[in-house]
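Colleague: See data_32.txt below, with compact mmCIF, C-alpha atoms and all ligand atoms.
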# COMPACT_ATOMS: atom_id res chain seq x y z
CA VAL A 21 -45.57 -45.34 -67.23
CA ALA A 22 -49.06 -44.80 -65.77
CA GLN A 23 -49.41 -42.57 -62.74
CA PRO A 24 -50.28 -44.46 -59.53
CA ARG A 25 -54.02 -44.21 -58.90
CA PHE A 26 -53.81 -45.02 -55.22
CA GLY A 27 -51.66 -43.86 -52.33
CA THR A 28 -49.72 -46.00 -49.90
CA LEU A 29 -50.53 -49.70 -49.50
CA LEU A 30 -49.51 -51.29 -46.22
CA VAL A 31 -49.40 -55.09 -46.12
CA ILE A 32 -49.53 -56.55 -42.61
CA GLY A 33 -48.34 -60.18 -42.71
CA LEU A 34 -45.85 -60.46 -45.56
CA GLY A 35 -45.97 -64.21 -46.26
CA LEU A 36 -46.99 -66.09 -49.39
CA ILE A 37 -50.22 -64.16 -49.94
CA GLY A 38 -49.21 -60.75 -48.53
CA GLY A 39 -45.88 -60.91 -50.34
CA SER A 40 -47.47 -61.93 -53.64
CA PHE A 41 -50.07 -59.15 -53.33
CA ALA A 42 -47.36 -56.58 -52.54
CA ALA A 43 -45.25 -57.75 -55.48
CA ALA A 44 -48.21 -57.72 -57.89
CA ILE A 45 -49.33 -54.24 -56.85
CA ARG A 46 -45.80 -52.91 -57.03
CA GLN A 47 -45.35 -54.41 -60.49
CA ALA A 48 -48.68 -52.96 -61.68
CA GLY A 49 -47.60 -49.52 -60.43
CA VAL A 50 -51.07 -48.63 -59.16
CA CYS A 51 -49.95 -47.51 -55.68
CA GLN A 52 -47.51 -44.73 -54.87
CA GLN A 53 -45.77 -46.89 -52.33
CA VAL A 54 -45.97 -50.44 -50.94
CA LEU A 55 -44.99 -50.83 -47.28
CA ALA A 56 -45.10 -53.87 -45.00
CA CYS A 57 -45.10 -54.89 -41.36
CA ASP A 58 -44.46 -58.44 -40.18
CA ARG A 59 -43.35 -59.88 -36.91
CA ASN A 60 -40.67 -61.75 -38.85
CA ALA A 61 -37.97 -59.12 -39.49
CA GLN A 62 -36.08 -61.48 -41.78
CA SER A 63 -39.07 -61.72 -44.15
CA LEU A 64 -39.19 -57.93 -44.38
CA ARG A 65 -35.50 -57.68 -45.22
CA ILE A 66 -35.76 -60.41 -47.88
CA ALA A 67 -38.82 -58.72 -49.40
CA LYS A 68 -37.13 -55.33 -49.60
CA ALA A 69 -34.00 -56.84 -51.15
CA ARG A 70 -36.11 -58.71 -53.73
CA GLY A 71 -38.13 -55.59 -54.63
CA ILE A 72 -41.40 -57.06 -53.35
CA ILE A 73 -41.99 -53.95 -51.23
CA ASP A 74 -40.65 -50.41 -51.33
CA ASP A 75 -39.91 -50.46 -47.62
CA PHE A 76 -40.92 -51.79 -44.22
CA ARG A 77 -41.65 -50.24 -40.85
CA ASP A 78 -40.81 -51.70 -37.45
CA GLN A 79 -43.60 -49.85 -35.71
CA LEU A 80 -47.18 -50.58 -36.74
CA SER A 81 -48.26 -47.09 -35.57
CA GLU A 82 -45.78 -45.46 -37.95
CA ALA A 83 -46.83 -47.67 -40.87
CA VAL A 84 -50.56 -47.13 -40.30
CA ALA A 85 -50.11 -43.35 -40.15
CA GLU A 86 -48.57 -43.47 -43.65
CA ALA A 87 -51.07 -45.94 -45.12
CA ASP A 88 -54.14 -45.28 -47.27
CA ILE A 89 -55.00 -48.94 -47.79
CA ILE A 90 -54.20 -51.69 -45.28
CA MET A 91 -54.14 -55.34 -46.42
CA LEU A 92 -54.24 -57.95 -43.64
CA ALA A 93 -52.60 -61.20 -44.74
CA VAL A 94 -51.80 -62.77 -41.36
CA PRO A 95 -53.09 -66.23 -40.36
CA ILE A 96 -56.85 -66.18 -39.74
CA LEU A 97 -56.74 -66.54 -35.96
CA SER A 98 -54.30 -63.60 -35.78
CA MET A 99 -56.74 -61.26 -37.58
CA GLU A 100 -58.53 -60.32 -34.36
CA SER A 101 -55.41 -59.23 -32.50
CA VAL A 102 -54.16 -57.23 -35.49
CA LEU A 103 -57.58 -55.55 -35.87
CA LEU A 104 -57.50 -54.77 -32.14
CA GLU A 105 -54.12 -53.12 -32.55
CA LEU A 106 -55.44 -51.15 -35.53
CA SER A 107 -58.47 -50.00 -33.53
CA HIS A 108 -56.15 -47.87 -31.37
CA PHE A 109 -55.05 -45.77 -34.36
CA ASP A 110 -56.74 -43.03 -36.37
CA LEU A 111 -58.18 -44.90 -39.37
CA GLU A 112 -60.17 -41.99 -40.80
CA GLY A 113 -60.15 -42.15 -44.61
CA LYS A 114 -58.21 -45.42 -44.70
CA ILE A 115 -59.42 -48.65 -46.26
CA ILE A 116 -58.88 -51.99 -44.52
CA THR A 117 -59.06 -55.23 -46.43
CA ASP A 118 -57.90 -58.81 -45.89
CA ALA A 119 -57.06 -62.03 -47.71
CA GLY A 120 -58.20 -64.54 -45.08
CA SER A 121 -59.64 -67.88 -46.16
CA SER A 122 -62.76 -67.65 -43.99
CA LYS A 123 -65.00 -64.60 -43.96
CA ARG A 124 -67.60 -64.76 -41.19
CA SER A 125 -64.79 -65.11 -38.67
CA LEU A 126 -63.20 -61.94 -40.03
CA LEU A 127 -66.40 -59.94 -39.53
CA GLU A 128 -66.73 -61.35 -36.01
CA ALA A 129 -63.13 -60.38 -35.27
CA ALA A 130 -63.85 -56.85 -36.54
CA GLU A 131 -66.91 -56.60 -34.29
CA VAL A 132 -64.81 -57.60 -31.29
CA ALA A 133 -62.08 -55.10 -32.20
CA PHE A 134 -64.23 -52.12 -33.19
CA GLY A 135 -67.54 -52.83 -31.48
CA GLU A 136 -69.17 -52.89 -34.94
CA ILE A 137 -68.19 -53.73 -38.50
CA PRO A 138 -66.45 -50.63 -39.88
CA PRO A 139 -67.80 -49.40 -43.27
CA ASN A 140 -64.23 -49.10 -44.56
CA LEU A 141 -63.56 -52.81 -44.00
CA VAL A 142 -63.70 -54.76 -47.28
CA PRO A 143 -63.27 -58.51 -46.73
CA GLY A 144 -61.69 -60.47 -49.58
CA HIS A 145 -60.24 -63.87 -50.38
CA PRO A 146 -58.01 -64.80 -53.31
CA ILE A 147 -58.73 -68.31 -54.58
CA ALA A 148 -55.08 -68.84 -55.32
CA GLY A 149 -52.16 -70.01 -53.35
CA SER A 150 -49.97 -73.02 -52.97
CA GLU A 151 -48.88 -75.54 -50.41
CA LYS A 152 -45.86 -73.31 -49.79
CA SER A 153 -45.80 -70.49 -47.29
CA GLY A 154 -43.61 -67.55 -46.35
CA VAL A 155 -42.40 -64.57 -48.35
CA GLU A 156 -39.75 -66.74 -50.05
CA ALA A 157 -42.60 -68.40 -51.99
CA ALA A 158 -44.21 -65.07 -53.00
CA GLN A 159 -44.75 -64.48 -56.72
CA ALA A 160 -46.05 -61.34 -58.47
CA ASP A 161 -48.10 -63.49 -60.86
CA LEU A 162 -49.70 -65.73 -58.20
CA PHE A 163 -53.18 -64.24 -58.74
CA VAL A 164 -53.13 -63.97 -62.56
CA GLY A 165 -56.21 -65.68 -63.97
CA HIS A 166 -57.48 -66.66 -60.52
CA LYS A 167 -60.71 -65.59 -58.87
CA VAL A 168 -60.84 -63.27 -55.89
CA LEU A 169 -64.03 -63.29 -53.85
CA VAL A 170 -64.97 -60.07 -52.09
CA THR A 171 -67.73 -60.42 -49.53
CA PRO A 172 -69.43 -57.05 -48.95
CA HIS A 173 -71.40 -56.58 -45.70
CA ALA A 174 -74.47 -54.42 -45.09
CA MET A 175 -72.47 -51.46 -43.75
CA ILE A 176 -69.86 -51.35 -46.53
CA ASP A 177 -68.58 -48.10 -48.02
CA HIS A 178 -68.97 -48.55 -51.77
CA GLU A 179 -65.99 -46.39 -52.65
CA ALA A 180 -63.78 -48.55 -50.44
CA LEU A 181 -65.23 -51.64 -52.13
CA ALA A 182 -64.44 -50.21 -55.58
CA VAL A 183 -60.82 -49.47 -54.57
CA VAL A 184 -60.24 -53.00 -53.26
CA LYS A 185 -61.75 -54.50 -56.41
CA ALA A 186 -59.52 -52.27 -58.56
CA LEU A 187 -56.43 -53.40 -56.65
CA TRP A 188 -57.24 -57.08 -57.14
CA LEU A 189 -57.97 -56.47 -60.83
CA ALA A 190 -54.52 -54.89 -61.09
CA THR A 191 -53.00 -58.17 -59.85
CA GLY A 192 -54.47 -59.91 -62.92
CA SER A 193 -57.28 -61.66 -61.08
CA GLU A 194 -61.00 -61.87 -61.75
CA VAL A 195 -63.04 -60.27 -58.97
CA LEU A 196 -66.43 -61.62 -57.92
CA GLU A 197 -68.78 -60.56 -55.14
CA MET A 198 -70.22 -63.21 -52.86
CA ASP A 199 -72.35 -63.30 -49.74
CA VAL A 200 -70.30 -64.04 -46.60
CA GLN A 201 -72.27 -67.14 -45.59
CA ARG A 202 -72.20 -68.52 -49.13
CA HIS A 203 -68.44 -67.92 -49.29
CA ASP A 204 -67.78 -69.96 -46.17
CA GLU A 205 -70.04 -72.80 -47.35
CA VAL A 206 -68.54 -72.95 -50.84
CA LEU A 207 -64.97 -72.87 -49.53
CA ALA A 208 -65.75 -75.54 -46.93
CA VAL A 209 -66.61 -78.02 -49.70
CA THR A 210 -64.21 -76.94 -52.45
CA SER A 211 -61.10 -76.29 -50.39
CA HIS A 212 -61.34 -77.03 -46.67
CA LEU A 213 -62.83 -80.54 -46.90
CA PRO A 214 -60.33 -81.71 -49.59
CA HIS A 215 -57.45 -80.45 -47.43
CA LEU A 216 -58.85 -82.30 -44.41
CA LEU A 217 -59.12 -85.52 -46.42
CA ALA A 218 -55.58 -85.20 -47.78
CA PHE A 219 -54.11 -84.51 -44.32
CA SER A 220 -56.05 -87.42 -42.86
CA LEU A 221 -55.16 -89.92 -45.59
CA VAL A 222 -51.44 -89.12 -45.55
CA ASP A 223 -51.38 -89.24 -41.75
CA THR A 224 -53.09 -92.64 -41.73
CA LEU A 225 -50.53 -94.00 -44.18
CA ALA A 226 -47.57 -92.29 -42.50
CA THR A 227 -48.34 -93.77 -39.10
CA GLU A 228 -48.64 -97.30 -40.48
CA ARG A 229 -45.67 -99.48 -39.72
CA ASP A 230 -43.21 -99.73 -42.62
CA ASN A 231 -44.62 -96.52 -44.13
CA GLN A 232 -41.40 -95.95 -46.15
CA GLU A 233 -42.23 -99.16 -47.94
CA ILE A 234 -45.78 -98.00 -48.65
CA PHE A 235 -44.77 -94.57 -49.97
CA ARG A 236 -42.22 -96.20 -52.28
CA TYR A 237 -45.05 -97.87 -54.18
CA ALA A 238 -47.28 -94.79 -54.27
CA ALA A 239 -47.86 -93.53 -57.81
CA GLY A 240 -49.34 -90.54 -59.61
CA GLY A 241 -52.80 -90.87 -58.09
CA PHE A 242 -51.38 -90.59 -54.59
CA ARG A 243 -49.22 -87.63 -55.62
CA ASP A 244 -52.17 -85.75 -57.20
CA PHE A 245 -54.54 -86.47 -54.36
CA THR A 246 -52.17 -85.61 -51.53
CA ARG A 247 -50.12 -82.62 -52.79
CA ILE A 248 -52.15 -80.32 -50.54
CA ALA A 249 -51.24 -82.37 -47.45
CA ALA A 250 -47.89 -80.54 -47.62
CA SER A 251 -49.70 -77.26 -46.78
CA ASP A 252 -48.85 -75.24 -43.68
CA PRO A 253 -50.29 -77.00 -40.58
CA THR A 254 -50.80 -73.78 -38.59
CA MET A 255 -52.67 -72.07 -41.39
CA TRP A 256 -55.01 -75.05 -41.72
CA HIS A 257 -55.51 -75.37 -37.99
CA ASP A 258 -56.70 -71.75 -38.08
CA ILE A 259 -59.01 -72.34 -41.05
CA PHE A 260 -60.76 -75.34 -39.49
CA ILE A 261 -61.40 -73.43 -36.28
CA ALA A 262 -62.48 -70.23 -38.06
CA ASN A 263 -64.83 -72.02 -40.47
CA LYS A 264 -65.85 -74.79 -38.07
CA ASP A 265 -69.62 -74.73 -38.67
CA ALA A 266 -69.49 -74.92 -42.47
CA VAL A 267 -66.66 -77.49 -42.38
CA LEU A 268 -68.61 -79.74 -39.99
CA ARG A 269 -71.67 -79.59 -42.26
CA ALA A 270 -69.56 -80.51 -45.30
CA LEU A 271 -67.87 -83.30 -43.36
CA ARG A 272 -71.20 -84.71 -42.21
CA ASP A 273 -72.55 -84.85 -45.79
CA PHE A 274 -69.32 -86.40 -47.00
CA THR A 275 -69.17 -89.09 -44.31
CA LEU A 276 -72.78 -90.07 -45.04
CA ASP A 277 -71.87 -90.57 -48.70
CA LEU A 278 -68.68 -92.42 -47.80
CA ASP A 279 -70.65 -94.75 -45.52
CA LYS A 280 -72.97 -95.53 -48.42
CA LEU A 281 -69.98 -96.36 -50.62
CA ARG A 282 -68.54 -98.61 -47.92
CA ALA A 283 -71.86 -100.44 -47.70
CA ALA A 284 -71.94 -100.77 -51.49
CA ILE A 285 -68.46 -102.32 -51.51
CA GLU A 286 -69.44 -104.70 -48.72
CA ALA A 287 -72.57 -105.75 -50.59
CA GLU A 288 -70.71 -105.76 -53.92
CA ASN A 289 -73.38 -103.38 -55.16
CA GLY A 290 -71.84 -102.60 -58.54
CA GLN A 291 -74.76 -100.50 -59.71
CA TYR A 292 -74.38 -98.10 -56.80
CA MET A 293 -70.61 -97.86 -57.20
CA LEU A 294 -70.77 -97.34 -60.96
CA GLY A 295 -73.42 -94.66 -60.39
CA VAL A 296 -71.17 -92.74 -58.01
CA PHE A 297 -68.01 -93.14 -60.08
CA THR A 298 -69.72 -92.24 -63.36
CA ARG A 299 -71.39 -89.12 -61.94
CA ALA A 300 -68.07 -88.08 -60.40
CA LYS A 301 -66.18 -88.67 -63.64
CA VAL A 302 -68.65 -86.64 -65.68
CA ALA A 303 -68.49 -83.81 -63.15
CA ARG A 304 -64.68 -83.90 -63.01
CA ASP A 305 -64.35 -84.03 -66.82
CA HIS A 306 -66.33 -80.80 -67.01
CA PHE A 307 -63.97 -79.06 -64.58
CA THR A 308 -60.96 -77.61 -66.36
P1 LIG B 401 -47.83 -67.25 -44.47
O1 LIG B 401 -47.52 -68.09 -43.29
O2 LIG B 401 -47.04 -67.45 -45.72
O3 LIG B 401 -47.71 -65.72 -44.06
C1 LIG B 401 -48.25 -65.17 -42.89
C2 LIG B 401 -47.34 -64.02 -42.47
O4 LIG B 401 -47.95 -63.32 -41.38
C3 LIG B 401 -45.96 -64.50 -41.98
O5 LIG B 401 -44.96 -63.73 -42.64
C4 LIG B 401 -46.00 -64.20 -40.47
O6 LIG B 401 -44.72 -63.86 -39.97
C5 LIG B 401 -46.95 -63.04 -40.41
N1 LIG B 401 -47.63 -62.84 -39.13
C6 LIG B 401 -48.25 -63.77 -38.37
N2 LIG B 401 -48.83 -63.19 -37.31
C7 LIG B 401 -48.57 -61.87 -37.41
C8 LIG B 401 -48.91 -60.74 -36.60
N3 LIG B 401 -49.64 -60.87 -35.51
N4 LIG B 401 -48.48 -59.51 -37.01
C9 LIG B 401 -47.74 -59.38 -38.14
N5 LIG B 401 -47.39 -60.41 -38.93
C10 LIG B 401 -47.81 -61.63 -38.56
O7 LIG B 401 -49.40 -67.43 -44.76
P2 LIG B 401 -50.19 -67.18 -46.13
O8 LIG B 401 -50.30 -68.47 -46.84
O9 LIG B 401 -49.62 -66.00 -46.83
O10 LIG B 401 -51.63 -66.84 -45.55
C11 LIG B 401 -51.97 -65.54 -45.12
C12 LIG B 401 -53.48 -65.37 -45.12
O11 LIG B 401 -53.96 -65.59 -46.43
C13 LIG B 401 -54.20 -66.35 -44.19
O12 LIG B 401 -55.25 -65.67 -43.53
C14 LIG B 401 -54.73 -67.39 -45.15
O13 LIG B 401 -55.94 -67.94 -44.66
C15 LIG B 401 -54.97 -66.58 -46.41
N6 LIG B 401 -54.89 -67.34 -47.65
C16 LIG B 401 -53.92 -68.29 -47.86
C17 LIG B 401 -53.87 -68.99 -49.05
C18 LIG B 401 -52.81 -70.02 -49.33
O14 LIG B 401 -52.95 -70.86 -50.23
N7 LIG B 401 -51.70 -70.02 -48.61
C19 LIG B 401 -54.81 -68.71 -50.07
C20 LIG B 401 -55.77 -67.72 -49.85
C21 LIG B 401 -55.81 -67.05 -48.63
Could I get this structure in the form of structure tokens?
Ligand code: NAD

Modeller:
Amino acid sequence: VAQPRFGTLLVIGLGLIGGSFAAAIRQAGVCQQVLACDRNAQSLRIAKARGIIDDFRDQLSEAVAEADIIMLAVPILSMESVLLELSHFDLEGKIITDAGSSKRSLLEAAEVAFGEIPPNLVPGHPIAGSEKSGVEAAQADLFVGHKVLVTPHAMIDHEALAVVKALWLATGSEVLEMDVQRHDEVLAVTSHLPHLLAFSLVDTLATERDNQEIFRYAAGGFRDFTRIAASDPTMWHDIFIANKDAVLRALRDFTLDLDKLRAAIEAENGQYMLGVFTRAKVARDHFT
């Protein structure tokens, strides 16, 4: 068995992502110890019983004092208050990282909490997950074969960056660096907009009269398109607020295109429709 390369990992927010990260790191054996804090005591007990973490601490101060690396996996709009709490402790020599789905908001939260972006803060985002949430859904192999985007900032400590990349690699993921702004724009179109459309479509159908009747006739296409509408409402509320600017830009582009399609249907403009559908099919066929 390989010797652990890193000291104590503390996961704050032991839900789907935090729990999966803890489990993966523990399984890989790269940290001496994996600890957790969560405001849900039940989650901590379940995680310890299932071997997802070595142990948990009730007091954040106690946990932070023991930690060498701190992973924040709380909902995005809770990042600021957790960073504020952390700012009261001695963080000398410790690395802070996160798994939040929007990255500019994280840097802004850090500036509020610390007055500047700390060099030992390494923002990250695993492009993996599911529509489930909570530690009960955590899996050690959640990140295997998935990409993790780390978004270094101008002040970053390169040793801290290397440690965070090594941890994600140990979870079986592929680590890529990306500019913060680019991250938020890419995720707005590839993840946030599709979730918005799925939530909106299912809500429209669900609030129709006789919706039970409608859902009974829904087939595979509906299932594929709307699976993500079962995602956690609070998490998505946070994401749309945190990444508001990029989401609004993506939504504006999309609604312009949708308006053109509506006009094409009205005018029975087959050439336009076939153009859109064919380009989309070719693009989707290339995506594995
Ligand atoms: P989750 O709801 O499963 O877990 C969040 C955990 O944080 C819960 O256990 C909750 O009790 C805890 N928590 C909330 N506020 C807290 C606080 N102030 N202090 C301590 N604990 C607190 O959510 P998740 O899906 O694991 O998401 C966590 C983070 O990961 C979010 O920032 C999300 O944007 C990001 N993320 C999620 C996915 C996904 O598909 N679910 C994918 C990538 C990134």

Colleague: From the set A:Ala83, A:Leu196, A:Ala129, A:Leu216, which residue has the shortest atom-to-atom contact distance to Ile32 of chain A, counting only C-alpha atoms?

Modeller: A:Ala83

Colleague: Show me which residues are within 8 Å of ligand LIG 401 (chain B) counting only C-alpha atoms and all ligand atoms, and format the list as a PyMOL selection string.

Modeller: chain A and resi 32-39+57-60+63+92-99+101-102+118-122+145-155+157+251-252+255-256+258-259

Colleague: Which value, in Å to one decimal, gives the distance between atom CA of Asp110 of chain A and atom CA of Ala85 of chain A?

Modeller: 7.6 Å

Colleague: Check the smallest atom-to-atom distance from each of A:Cys51, A:Val222, A:Ala69, A:Leu126 to Val142 of chain A using all atoms listed in the file, then report the winner.

Modeller: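 The answer is A:Leu126, which sits nearest to Val142 of chain A.
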
Colleague: Tell me, as an mmCIF file with C-alpha atoms, keeping the file's coordinate frame, which residues lie within 12 Å of Leu221 of chain A, counting all atoms listed in the file; anything in the same chain fewer than 5 positions away does not count.

Modeller:
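Output file selection.cif follows:
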data_model
loop_
_atom_site.group_PDB
_atom_site.id
_atom_site.type_symbol
_atom_site.label_atom_id
_atom_site.label_comp_id
_atom_site.auth_asym_id
_atom_site.auth_seq_id
_atom_site.Cartn_x
_atom_site.Cartn_y
_atom_site.Cartn_z
ATOM 1 C CA PRO A 214 -60.330 -81.710 -49.590
ATOM 2 C CA HIS A 215 -57.450 -80.450 -47.430
ATOM 3 C CA LEU A 216 -58.850 -82.300 -44.410
ATOM 4 C CA ALA A 226 -47.570 -92.290 -42.500
ATOM 5 C CA THR A 227 -48.340 -93.770 -39.100
ATOM 6 C CA GLU A 228 -48.640 -97.300 -40.480
ATOM 7 C CA PHE A 242 -51.380 -90.590 -54.590
ATOM 8 C CA ARG A 243 -49.220 -87.630 -55.620
ATOM 9 C CA PHE A 245 -54.540 -86.470 -54.360
ATOM 10 C CA THR A 246 -52.170 -85.610 -51.530
ATOM 11 C CA ARG A 247 -50.120 -82.620 -52.790
ATOM 12 C CA ILE A 248 -52.150 -80.320 -50.540
ATOM 13 C CA ALA A 249 -51.240 -82.370 -47.450
#

Colleague: I'd like the neighbourhood of Ala87 of chain A as number ranges by chain, where a residue qualifies if any of its atoms comes within 7 Å (using only C-alpha atoms), though same-chain residues fewer than 3 positions away should be ignored.

Modeller: A: 28-30, 83-84, 90

Colleague: Those residues with C-alpha atoms, as an mmCIF file, keeping the file's coordinate frame please?

Modeller:
data_model
loop_
_atom_site.group_PDB
_atom_site.id
_atom_site.type_symbol
_atom_site.label_atom_id
_atom_site.label_comp_id
_atom_site.auth_asym_id
_atom_site.auth_seq_id
_atom_site.Cartn_x
_atom_site.Cartn_y
_atom_site.Cartn_z
ATOM 1 C CA THR A 28 -49.720 -46.000 -49.900
ATOM 2 C CA LEU A 29 -50.530 -49.700 -49.500
ATOM 3 C CA LEU A 30 -49.510 -51.290 -46.220
ATOM 4 C CA ALA A 83 -46.830 -47.670 -40.870
ATOM 5 C CA VAL A 84 -50.560 -47.130 -40.300
ATOM 6 C CA ILE A 90 -54.200 -51.690 -45.280
#

Colleague: Could you tell me how far atom CA of Gln62 of chain A lies from atom CA of Asp161 of chain A, in Å and to one decimal?

Modeller: 22.6 Å

Colleague: Would you please work out which residue, of A:Leu271, A:Leu141, A:Thr117, A:Ala160, is nearest to Thr210 of chain A when using only C-alpha atoms?

Modeller: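 Closest to Thr210 of chain A of all the choices is A:Leu271.
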